[in-house]
file model_13.txt (compact mmCIF, C-alpha atoms)
# COMPACT_ATOMS: atom_id res chain seq x y z
CA MET A 93 0.00 0.00 0.00
CA PRO A 94 2.73 2.56 0.76
CA ASP A 95 4.05 2.14 -2.79
CA ALA A 96 0.75 3.44 -4.12
CA VAL A 97 1.32 6.70 -2.28
CA PHE A 98 4.68 7.26 -3.97
CA SER A 99 4.32 8.51 -7.50
CA LYS A 100 6.29 6.45 -10.03
CA ARG A 101 8.45 8.33 -12.48
CA PRO A 102 11.18 6.59 -14.46
CA ARG A 103 13.82 9.16 -13.75
CA ARG A 104 17.17 8.37 -12.28
CA ARG A 105 17.02 11.18 -9.76
CA ARG A 106 13.63 10.04 -8.52
CA ILE A 107 14.84 6.47 -8.24
CA LEU A 108 17.79 7.64 -6.18
CA VAL A 109 15.59 9.71 -3.92
CA GLU A 110 13.07 6.94 -3.46
CA ALA A 111 15.82 4.46 -2.70
CA ARG A 112 17.06 6.77 -0.01
CA ILE A 113 13.55 7.18 1.36
CA ALA A 114 12.93 3.44 1.29
CA LEU A 115 16.10 2.96 3.29
CA LYS A 116 14.93 5.50 5.82
CA ALA A 117 11.50 3.91 5.98
CA LYS A 118 13.13 0.58 6.70
CA GLU A 119 14.94 2.14 9.62
CA LEU A 120 11.75 3.72 10.88
CA ALA A 121 9.92 0.42 10.64
CA LEU A 122 12.25 -1.03 13.23
CA THR A 123 10.92 -0.31 16.66
CA GLY A 124 13.19 0.57 19.50
CA THR A 125 14.11 3.52 21.62
CA ASP A 126 12.95 7.10 21.33
CA PHE A 127 15.24 9.57 19.66
CA PRO A 128 17.72 11.22 22.00
CA THR A 129 17.30 14.72 23.29
CA ALA A 130 19.42 16.56 25.82
CA ASP A 131 17.38 15.46 28.83
CA SER A 132 16.00 12.15 27.64
CA ALA A 133 16.62 8.70 29.01
CA ALA A 134 16.93 7.61 25.39
CA LEU A 135 20.18 9.55 25.13
CA VAL A 136 21.64 7.82 28.17
CA GLU A 137 20.43 4.45 26.90
CA LEU A 138 21.89 4.99 23.44
CA PHE A 139 25.16 6.20 24.91
CA GLU A 140 25.45 3.39 27.42
CA THR A 141 24.50 0.71 24.92
CA HIS A 142 26.49 1.88 21.91
CA GLY A 143 28.80 4.67 23.10
CA GLY A 144 31.69 2.34 23.89
CA ARG A 145 31.53 0.60 20.55
CA MET A 146 31.17 3.93 18.77
CA LYS A 147 34.27 5.25 20.52
CA SER A 148 36.20 2.11 19.59
CA ILE A 149 35.26 2.35 15.91
CA ALA A 150 36.06 6.05 15.80
CA MET A 151 39.38 5.49 17.58
CA ASN A 152 40.40 2.82 15.10
CA LEU A 153 39.42 5.02 12.16
CA LEU A 154 40.85 8.30 13.45
CA GLY A 155 43.70 7.19 15.71
CA ARG A 156 43.30 9.73 18.51
CA HIS A 157 41.15 9.60 21.62
CA ALA A 158 40.18 13.27 21.33
CA ASP A 159 39.19 12.93 17.65
CA ALA A 160 37.22 9.77 18.44
CA GLU A 161 35.27 11.49 21.20
CA ASP A 162 34.62 14.51 18.97
CA ALA A 163 33.33 12.16 16.27
CA VAL A 164 30.97 10.42 18.68
CA GLN A 165 29.66 13.78 19.89
CA GLU A 166 29.14 14.97 16.30
CA ALA A 167 27.35 11.69 15.48
CA PHE A 168 24.92 12.26 18.36
CA LEU A 169 24.28 15.80 17.12
CA ARG A 170 23.54 14.53 13.62
CA ILE A 171 21.20 11.89 15.03
CA PHE A 172 19.40 14.64 16.91
CA ARG A 173 19.18 16.81 13.78
CA GLY A 174 17.86 13.89 11.77
CA ALA A 175 15.28 13.11 14.40
CA ALA A 176 14.25 16.67 15.16
CA ARG A 177 11.09 16.44 13.08
CA PHE A 178 9.58 13.38 14.67
CA ARG A 179 9.20 11.43 17.88
CA GLY A 180 8.25 7.83 18.41
CA GLY A 181 9.71 4.39 18.34
CA ALA A 182 12.58 3.76 15.96
CA SER A 183 15.74 1.75 16.04
CA LEU A 184 18.73 4.01 16.13
CA SER A 185 21.63 1.64 16.40
CA THR A 186 22.49 0.91 12.77
CA TRP A 187 21.68 4.47 11.79
CA ALA A 188 23.85 5.79 14.63
CA TYR A 189 26.83 3.70 13.51
CA ARG A 190 26.34 4.75 9.90
CA ILE A 191 26.33 8.39 10.93
CA LEU A 192 29.43 7.83 13.05
CA VAL A 193 31.31 6.22 10.17
CA ASN A 194 30.35 9.12 7.90
CA VAL A 195 31.52 11.61 10.53
CA CYS A 196 34.86 9.80 10.69
CA TYR A 197 35.16 9.85 6.88
CA ASP A 198 34.37 13.58 6.91
CA THR A 199 37.05 14.13 9.55
CA LEU A 200 39.60 12.22 7.49
CA ARG A 201 38.59 14.12 4.34
CA ARG A 202 39.09 17.43 6.13
CA GLY A 203 42.74 16.48 6.35
CA LYS A 204 43.04 15.06 9.83
CA ARG A 205 45.31 12.24 8.81
CA ARG A 206 45.26 9.17 10.92
CA PRO A 207 48.28 9.41 13.21
CA GLU A 208 50.32 6.52 14.51
CA SER A 209 48.23 4.93 17.23
CA PRO A 210 49.66 5.25 20.70
CA LEU A 211 50.48 2.04 22.50
CA PRO A 212 47.31 0.89 24.24
CA GLU A 213 47.03 0.67 27.99
CA GLU A 214 46.32 -2.79 29.37
CA SER A 215 42.89 -1.49 30.42
CA GLU A 216 42.09 -0.57 26.80
CA LEU A 217 42.52 -4.09 25.50
CA ARG A 218 39.35 -6.08 25.11
CA GLY A 219 39.35 -9.67 23.87
CA GLY A 220 43.13 -9.78 23.84
CA THR A 221 46.16 -9.28 26.01
CA LEU A 222 49.55 -7.69 25.71
CA ARG A 223 50.78 -11.11 24.50
CA ASP A 224 48.99 -10.33 21.21
CA LEU A 225 50.49 -6.87 21.03
CA PRO A 226 53.06 -7.41 18.23
CA LEU A 227 50.49 -8.91 15.85
CA ARG A 228 47.89 -6.36 16.91
CA LEU A 229 50.28 -3.48 16.19
CA ALA A 230 51.22 -5.06 12.86
CA ILE A 231 47.52 -5.30 11.93
CA GLU A 232 46.95 -1.69 12.95
CA LYS A 233 49.81 -0.56 10.74
CA ALA A 234 48.68 -2.76 7.85
CA LEU A 235 45.13 -1.40 8.15
CA GLU A 236 46.45 1.99 7.06
CA HIS A 237 47.19 0.54 3.62
CA LEU A 238 43.59 -0.50 3.06
CA ASP A 239 40.87 1.30 1.19
CA PRO A 240 38.71 3.14 3.79
CA ARG A 241 35.65 0.99 3.10
CA GLU A 242 37.64 -2.22 3.34
CA ARG A 243 39.18 -0.98 6.58
CA THR A 244 35.75 -0.12 7.96
CA ALA A 245 34.33 -3.50 6.93
CA PHE A 246 37.21 -5.21 8.76
CA LEU A 247 36.71 -3.07 11.87
CA LEU A 248 32.96 -3.64 11.92
CA CYS A 249 32.93 -7.39 11.24
CA GLU A 250 36.17 -8.75 12.66
CA VAL A 251 36.96 -6.27 15.42
CA GLU A 252 33.50 -5.21 16.62
CA GLY A 253 31.64 -8.39 15.72
CA PHE A 254 28.87 -6.98 13.52
CA SER A 255 27.17 -9.39 11.14
CA HIS A 256 27.47 -8.78 7.40
CA ARG A 257 23.83 -7.71 7.36
CA GLU A 258 24.51 -5.06 9.99
CA ALA A 259 27.80 -4.00 8.43
CA GLY A 260 26.07 -3.76 5.05
CA GLU A 261 23.44 -1.45 6.50
CA ILE A 262 26.07 0.69 8.19
CA LEU A 263 28.17 0.93 5.02
CA GLU A 264 25.05 1.32 2.84
CA VAL A 265 25.96 -1.72 0.74
CA THR A 266 24.49 -5.18 0.35
CA GLU A 267 25.33 -8.06 2.63
CA ASN A 268 27.33 -9.70 -0.17
CA THR A 269 29.29 -6.52 -0.80
CA SER A 270 30.14 -6.36 2.88
CA ARG A 271 31.38 -9.95 2.62
CA THR A 272 33.49 -9.02 -0.41
CA LEU A 273 34.93 -5.93 1.29
CA LEU A 274 35.92 -7.99 4.32
CA PHE A 275 37.49 -10.68 2.14
CA ARG A 276 39.57 -8.12 0.24
CA ALA A 277 40.57 -6.43 3.49
CA LYS A 278 41.76 -9.67 5.08
CA ARG A 279 43.58 -10.78 1.92
CA ARG A 280 45.48 -7.50 1.78
CA LEU A 281 46.20 -7.61 5.48
CA GLN A 282 47.48 -11.15 5.13
CA LYS A 283 49.88 -10.10 2.37
CA GLU A 284 51.08 -7.04 4.29
CA LEU A 285 51.58 -9.01 7.48
CA ALA A 286 53.33 -11.89 5.72
CA SER A 287 55.71 -9.55 3.91
CA GLY A 288 56.44 -7.76 7.19
CA GLY A 289 57.18 -11.03 8.98
CA ALA A 290 54.34 -10.55 11.45
CA PHE A 291 53.35 -14.21 11.42
CA ALA A 292 56.85 -15.53 12.12
CA PRO A 293 56.89 -15.18 15.94
CA ALA A 294 53.70 -17.20 16.26
CA GLU A 295 55.16 -20.06 14.30
CA ALA A 296 58.24 -20.00 16.47
CA ARG A 297 56.13 -19.95 19.62
CA MET B 1111 33.21 -32.96 -1.90
CA LYS B 1112 36.93 -32.61 -2.50
CA ALA B 1113 38.88 -29.38 -2.52
CA ASP B 1114 42.34 -28.52 -3.79
CA CYS B 1115 44.74 -25.57 -3.91
CA ARG B 1116 42.64 -23.84 -6.58
CA ASP B 1117 39.78 -23.51 -4.08
CA LEU B 1118 41.82 -21.38 -1.68
CA GLU B 1119 40.13 -18.04 -2.45
CA LYS B 1120 36.61 -19.44 -2.38
CA ALA B 1121 37.27 -21.33 0.83
CA LEU B 1122 38.71 -18.26 2.56
CA ALA B 1123 35.73 -16.19 1.42
CA GLY B 1124 33.62 -18.60 3.47
CA GLU B 1125 30.53 -18.34 1.29
CA ASN B 1126 30.17 -22.11 1.00
CA PRO B 1127 30.59 -23.94 4.32
CA VAL B 1128 30.83 -27.33 2.58
CA LEU B 1129 33.69 -26.13 0.39
CA THR B 1130 35.41 -24.54 3.38
CA ALA B 1131 35.20 -27.79 5.33
CA ALA B 1132 36.57 -29.74 2.36
CA PHE B 1133 39.38 -27.24 1.99
CA GLU B 1134 40.30 -27.62 5.66
CA VAL B 1135 40.74 -31.34 5.05
CA HIS B 1136 42.90 -30.57 2.02
CA ALA B 1137 44.96 -28.08 4.04
CA LEU B 1138 45.93 -30.80 6.52
CA GLY B 1139 48.03 -32.41 3.83
CA CYS B 1140 49.14 -29.30 1.94
CA ALA B 1141 51.77 -27.14 3.64
CA ALA B 1142 51.15 -24.04 1.49
CA CYS B 1143 47.36 -24.08 1.93
CA GLY B 1144 47.75 -24.97 5.61
CA ARG B 1145 49.92 -21.89 6.13
CA GLU B 1146 47.45 -19.64 4.28
CA LEU B 1147 44.58 -20.96 6.37
CA ALA B 1148 46.51 -20.55 9.62
CA GLU B 1149 47.44 -16.95 8.78
CA TRP B 1150 43.85 -16.21 7.86
CA ARG B 1151 42.63 -17.52 11.19
CA ARG B 1152 45.31 -15.68 13.16
CA ILE B 1153 44.08 -12.39 11.74
CA SER B 1154 40.52 -13.20 12.86
CA GLU B 1155 41.73 -14.29 16.29
CA ALA B 1156 43.81 -11.15 16.79
CA ALA B 1157 41.21 -8.73 15.42
CA PRO B 1158 39.09 -8.42 18.59
CA SER B 1159 42.20 -7.20 20.43
CA LEU B 1160 41.94 -4.03 18.33
CA ARG B 1161 38.83 -3.02 20.26
CA ARG B 1162 39.52 0.07 22.29
CA ALA B 1163 37.83 1.06 25.51
CA TRP B 1164 38.66 3.93 27.78
CA ASP B 1165 36.85 6.01 30.34
CA SER B 1166 35.58 9.35 29.15
CA PRO B 1167 33.38 10.71 31.94
CA ASP B 1168 33.12 14.13 30.28
CA LEU B 1169 31.75 12.84 26.98
CA LEU B 1170 28.09 12.33 27.93
CA PRO B 1171 27.84 15.75 29.64
CA ARG B 1172 29.47 17.28 26.55
CA ILE B 1173 26.93 15.60 24.29
CA ARG B 1174 24.08 16.74 26.55
CA GLN B 1175 25.38 20.31 26.43
CA ALA B 1176 25.75 20.23 22.66
CA LEU B 1177 22.26 18.75 22.22
CA ALA B 1178 20.79 21.37 24.53
CA GLY B 1179 22.42 24.11 22.43
CA GLU B 1180 21.07 22.47 19.30
CA SER B 1181 17.56 22.35 20.84
CA VAL B 1182 17.69 26.06 21.60
CA ARG B 1183 18.71 26.86 18.02
CA ALA B 1184 16.07 24.53 16.55
CA GLY B 1185 13.43 26.03 18.85
CA ALA B 1186 14.36 29.53 17.78
CA VAL B 1187 13.95 28.58 14.12
CA THR B 1188 10.60 26.86 14.78
CA ASP B 1189 9.25 29.79 16.77
CA ALA B 1190 10.23 32.18 14.04
CA ALA B 1191 8.39 30.17 11.38
CA PRO B 1192 4.96 31.56 10.46
CA ARG B 1193 2.00 29.40 11.45
CA ARG B 1194 -0.76 31.20 9.61
CA ARG B 1195 -3.15 29.62 7.17
CA PHE B 1196 -3.44 31.77 4.08
CA ALA B 1197 -5.09 31.03 0.80
CA TRP B 1198 -2.02 32.24 -1.10
CA VAL B 1199 0.06 29.28 0.09
CA PRO B 1200 -0.40 27.04 -3.00
CA ALA B 1201 0.31 29.93 -5.39
CA ALA B 1202 3.39 30.94 -3.40
CA SER B 1203 4.57 27.32 -3.46
CA ILE B 1204 4.33 27.18 -7.22
CA ALA B 1205 6.11 30.52 -7.60
CA ALA B 1206 8.88 29.47 -5.23
CA LEU B 1207 9.19 26.16 -7.05
CA PHE B 1208 9.60 28.02 -10.31
CA VAL B 1209 12.35 30.25 -8.86
CA LEU B 1210 14.11 27.28 -7.32
CA ALA B 1211 13.86 25.27 -10.52
CA THR B 1212 15.25 28.18 -12.55
CA VAL B 1213 18.19 28.63 -10.22
CA GLY B 1214 18.70 24.87 -10.14
CA LEU B 1215 18.72 24.71 -13.93
CA TRP B 1216 21.22 27.56 -14.09
CA VAL B 1217 23.47 25.81 -11.58
CA PHE B 1218 23.11 22.50 -13.39
CA ARG B 1219 24.03 23.97 -16.77
CA ASN B 1220 27.11 25.60 -15.29
CA SER B 1221 28.27 22.65 -13.29
CA SER B 1222 27.75 19.93 -15.88
CA GLY B 1223 30.61 21.26 -17.99
CA ARG B 1224 28.78 20.51 -21.22
CA GLU B 1225 27.90 24.03 -22.26
CA PRO B 1226 29.76 26.86 -20.52
CA LEU B 1227 27.44 29.83 -20.72
CA THR B 1228 29.94 32.50 -21.64
CA ASP B 1229 33.53 32.96 -22.80
CA HIS B 1230 34.15 34.79 -19.57
CA TRP B 1231 33.42 31.55 -17.74
CA ARG B 1232 36.02 29.74 -19.87
CA THR B 1233 38.79 32.23 -19.31
CA THR B 1234 38.36 33.21 -15.67
CA LYS B 1235 37.89 29.71 -14.30
CA ALA B 1236 35.46 31.19 -11.78
CA PRO B 1237 33.96 28.73 -9.31
CA LEU B 1238 31.15 26.65 -10.81
CA LEU B 1239 28.78 27.54 -8.02
CA THR B 1240 29.43 31.08 -6.84
CA ASP B 1241 28.57 32.42 -3.42
CA GLN B 1242 25.94 34.63 -5.04
CA ALA B 1243 24.30 31.63 -6.72
CA ILE B 1244 24.36 29.71 -3.45
CA ASP B 1245 22.73 32.64 -1.65
CA GLU B 1246 20.04 32.79 -4.35
CA VAL B 1247 19.37 29.08 -3.98
CA ASP B 1248 19.25 29.44 -0.19
CA ALA B 1249 16.83 32.37 -0.41
CA ALA B 1250 14.53 30.54 -2.84
CA GLU B 1251 14.70 27.44 -0.69
CA LYS B 1252 13.66 29.38 2.43
CA VAL B 1253 10.57 30.80 0.69
CA TYR B 1254 9.68 27.41 -0.71
CA LEU B 1255 10.20 25.72 2.62
CA ALA B 1256 7.98 28.26 4.40
CA SER B 1257 5.24 27.61 1.85
CA ILE B 1258 5.51 23.87 2.33
CA ASP B 1259 5.45 24.33 6.10
CA ASN B 1260 2.18 26.21 5.73
CA LEU B 1261 0.81 23.38 3.64
CA SER B 1262 1.93 20.99 6.36
CA HIS B 1263 0.03 22.95 8.97
CA LEU B 1264 -3.07 22.79 6.79
CA ALA B 1265 -2.66 19.04 6.56
CA GLU B 1266 -2.00 18.48 10.27
CA PRO B 1267 -5.68 18.45 11.37
CA ALA B 1268 -6.44 15.97 8.60
CA LEU B 1269 -3.78 13.59 9.81
CA ALA B 1270 -4.54 13.94 13.52
CA GLY B 1271 -7.19 11.61 14.75
CA LYS B 1272 -7.58 9.74 11.44
CA THR B 1273 -6.60 6.12 11.50
CA SER B 1274 -7.31 4.88 7.98
CA PRO B 1275 -4.47 2.90 6.37
CA VAL B 1276 -4.18 5.38 3.51
CA LEU B 1277 -3.75 8.36 5.84
CA ALA B 1278 -1.32 6.36 7.96
CA ASN B 1279 0.74 5.79 4.82
CA TYR B 1280 0.70 9.49 4.02
CA LYS B 1281 1.76 10.25 7.56
CA GLU B 1282 4.62 7.76 7.41
CA LYS B 1283 5.75 9.06 4.05
CA LEU B 1284 5.78 12.65 5.34
CA VAL B 1285 7.87 11.61 8.33
CA VAL B 1286 10.32 9.87 5.99
CA LEU B 1287 10.47 12.89 3.69
CA ASP B 1288 11.11 15.22 6.63
CA ALA B 1289 13.92 12.99 7.83
CA ALA B 1290 15.42 12.93 4.32
CA ILE B 1291 15.18 16.74 4.12
CA THR B 1292 16.91 17.15 7.49
CA GLU B 1293 19.65 14.74 6.52
CA LEU B 1294 20.21 16.38 3.14
CA LYS B 1295 20.31 19.82 4.72
CA ALA B 1296 22.91 18.62 7.19
CA SER B 1297 24.98 17.27 4.28
CA ILE B 1298 24.60 20.52 2.35
CA GLU B 1299 25.73 22.44 5.41
CA GLN B 1300 28.99 20.52 5.13
CA ASN B 1301 29.32 21.25 1.43
CA ARG B 1302 27.26 24.24 0.30
CA GLY B 1303 28.41 24.04 -3.30
CA ASN B 1304 27.34 20.45 -3.92
CA THR B 1305 24.82 20.75 -6.74
CA HIS B 1306 23.91 17.06 -6.64
CA LEU B 1307 22.77 17.31 -3.03
CA ARG B 1308 20.80 20.46 -3.79
CA ARG B 1309 19.03 18.81 -6.72
CA GLU B 1310 18.24 15.85 -4.50
CA LEU B 1311 16.87 18.20 -1.83
CA LEU B 1312 14.73 19.94 -4.44
CA ALA B 1313 13.33 16.58 -5.54
CA VAL B 1314 12.43 15.71 -1.95
CA TYR B 1315 10.75 19.10 -1.46
CA GLN B 1316 8.74 18.55 -4.64
CA GLU B 1317 7.77 15.08 -3.46
CA LYS B 1318 6.62 16.52 -0.14
CA GLN B 1319 4.57 19.19 -1.86
CA ARG B 1320 2.91 16.60 -4.13
CA THR B 1321 2.26 14.35 -1.14
CA LEU B 1322 0.62 17.15 0.82
CA GLN B 1323 -1.54 18.10 -2.15
CA SER B 1324 -2.59 14.45 -2.68
CA LEU B 1325 -3.32 14.17 1.01
CA MET B 1326 -5.60 17.22 0.94
CA LYS B 1327 -7.44 15.75 -2.08
CA GLU B 1328 -7.76 12.42 -0.28
CA VAL B 1329 -9.22 14.12 2.78
CA LYS B 1330 -11.72 16.11 0.72
CA SER B 1331 -12.88 12.99 -1.14

call {"tool": "encode", "arguments": {"input": "model_13.txt", "output": "structure tokens"}}
result
Amino acid sequence: MPDAVFSKRPRRRRILVEARIALKAKELALTGTDFPTADSAALVELFETHGGRMKSIAMNLLGRHADAEDAVQEAFLRIFRGAARFRGGASLSTWAYRILVNVCYDTLRRGKRRPESPLPEESELRGGTLRDLPLRLAIEKALEHLDPRERTAFLLCEVEGFSHREAGEILEVTENTSRTLLFRAKRRLQKELASGGAFAPAEAR
Amino acid sequence: MKADCRDLEKALAGENPVLTAAFEVHALGCAACGRELAEWRRISEAAPSLRRAWDSPDLLPRIRQALAGESVRAGAVTDAAPRRRFAWVPAASIAALFVLATVGLWVFRNSSGREPLTDHWRTTKAPLLTDQAIDEVDAAEKVYLASIDNLSHLAEPALAGKTSPVLANYKEKLVVLDAAITELKASIEQNRGNTHLRRELLAVYQEKQRTLQSLMKEVKS
């Protein structure tokens, strides 16, 4: 029935616009929390549920704690701006991550080059220990040689544990494209790491 | 199913679990494939260690403060918007649409690079979308937006309290269009000279206007 409301015109621009709207409608169809405002519990819930993961993604894309926190703040502002016209149930998570990734891309485009990552504190490591540090550092360095979308696909799927469906929605690509991006990312990483001798210590261990 | 060295890429891609399992069996007896598979797995095993977590107690208060500032600005804009219901709204919408379309066409012709309008354009290499043109587009957009807002206010009573599926669809579509407009405007704010985004915004405005007009017809019938 909703399709009947949309007028159908075979023009590329219209198709693009309607595709964008359909995507948005899909997001709206998902029920979840209210949109965040300055005083709302929804803001706290969104921050507590996804803030940590958002910071981690931003940190791995931007390389500095301060830039990562700025990116998360800007993402929340853009969520607010996007939601300013309506209230009601809607799932924000995938949309929030997509906005965050776009904020990070914008930051990188503005010329804030990704600096060398500082050595992590023990408390910063999740799912690993300092024993993994050499390989982890080698992966971080090798990630810099990847195409931004491949790098993001790797961070979302392998580091943060998103499914290809979720990563596809965040990257605005299909599930299969997400799979392809991850495959390319890992293949390139494997070559970089092998040529840099990063796998050798493990074999000796 | 049997796999051999030629299946390496497909097996690593992991799209076919049967092939991957067969390749794992093959890798047990093939040193080169075994090494590739082991390296592949080591990357996946090490990847979660790239997750970063640190305390940032100031971040949530900062976000709250920024959102509060944004609310104040948004409220100021909303309060300033006229909420009157005048009969001239449809005519003004059409006039504003015409102005916007004219400016859009002018911008499009200049930015497409197919037909530079003057020799002066060729020689001076002036920016494709000048500040003056952007201001004209912004001004036309404001008038058009105000007209559409007035149409929206006319439609509000029709939508409130009606629960028919058709009206619900209109309501949902308008919400989606508003979200698309807000998102596009945020993108344009980042890049004021992006003609593609402006054309897309114009298309969404036009869609909203058509939707509101259809809605009013639906209500009357």

call {"tool": "atom_distance", "arguments": {"input": "model_13.txt", "atom1": "atom CA of B:Leu1325", "atom2": "atom CA of B:Asn1260"}}
result
14.1 Å

call {"tool": "atom_distance", "arguments": {"input": "model_13.txt", "atom1": "atom CA of A:Gln165", "atom2": "atom CA of A:Met146"}}
result
10.0 Å

call {"tool": "residues_around", "arguments": {"input": "model_13.txt", "residues": "stretch 275-278 of chain A", "least_positions_apart": "2", "cutoff": "9 Å", "atoms": "only C-alpha atoms", "output": "list in words"}}
result
Leu235, Leu238, Asp239, Arg241, Glu242, Arg243, Ala245, Phe246, Ser270, Arg271, Thr272, Leu273, Arg280, Leu281, Gln282 and Lys283 of chain A; Leu1122, Ala1123, Gly1124, Trp1150, Ile1153 and Ser1154 of chain B

call {"tool": "closest_residue", "arguments": {"input": "model_13.txt", "among": "B:Ile1204, B:Ala1290, B:Leu1269, B:Val1329", "to": "chain A", "atoms": "only C-alpha atoms"}}
result
B:Ala1290

call {"tool": "atom_distance", "arguments": {"input": "model_13.txt", "atom1": "atom CA of B:Leu1169", "atom2": "atom CA of A:Arg190"}}
result
19.7 Å

call {"tool": "interface_residues", "arguments": {"input": "model_13.txt", "of": "chain B", "to": "chain A", "cutoff": "9 Å", "atoms": "only C-alpha atoms", "output": "number ranges by chain"}}
result
B: 1122-1125, 1146, 1149-1150, 1152-1164, 1166, 1169-1170, 1172-1181, 1184, 1275-1276, 1279-1280, 1282-1283, 1285-1293, 1296, 1300, 1309-1311, 1313-1314, 1317, 1320-1321, 1324

call {"tool": "residues_near_point", "arguments": {"input": "model_13.txt", "point": "(23.6, 22.8, -4.5)", "cutoff": "10 Å", "atoms": "all atoms listed in the file", "output": "PyMOL selection string"}}
result
chain B and resi 1213-1214+1217-1218+1221+1239+1243-1244+1247-1248+1298+1301-1312
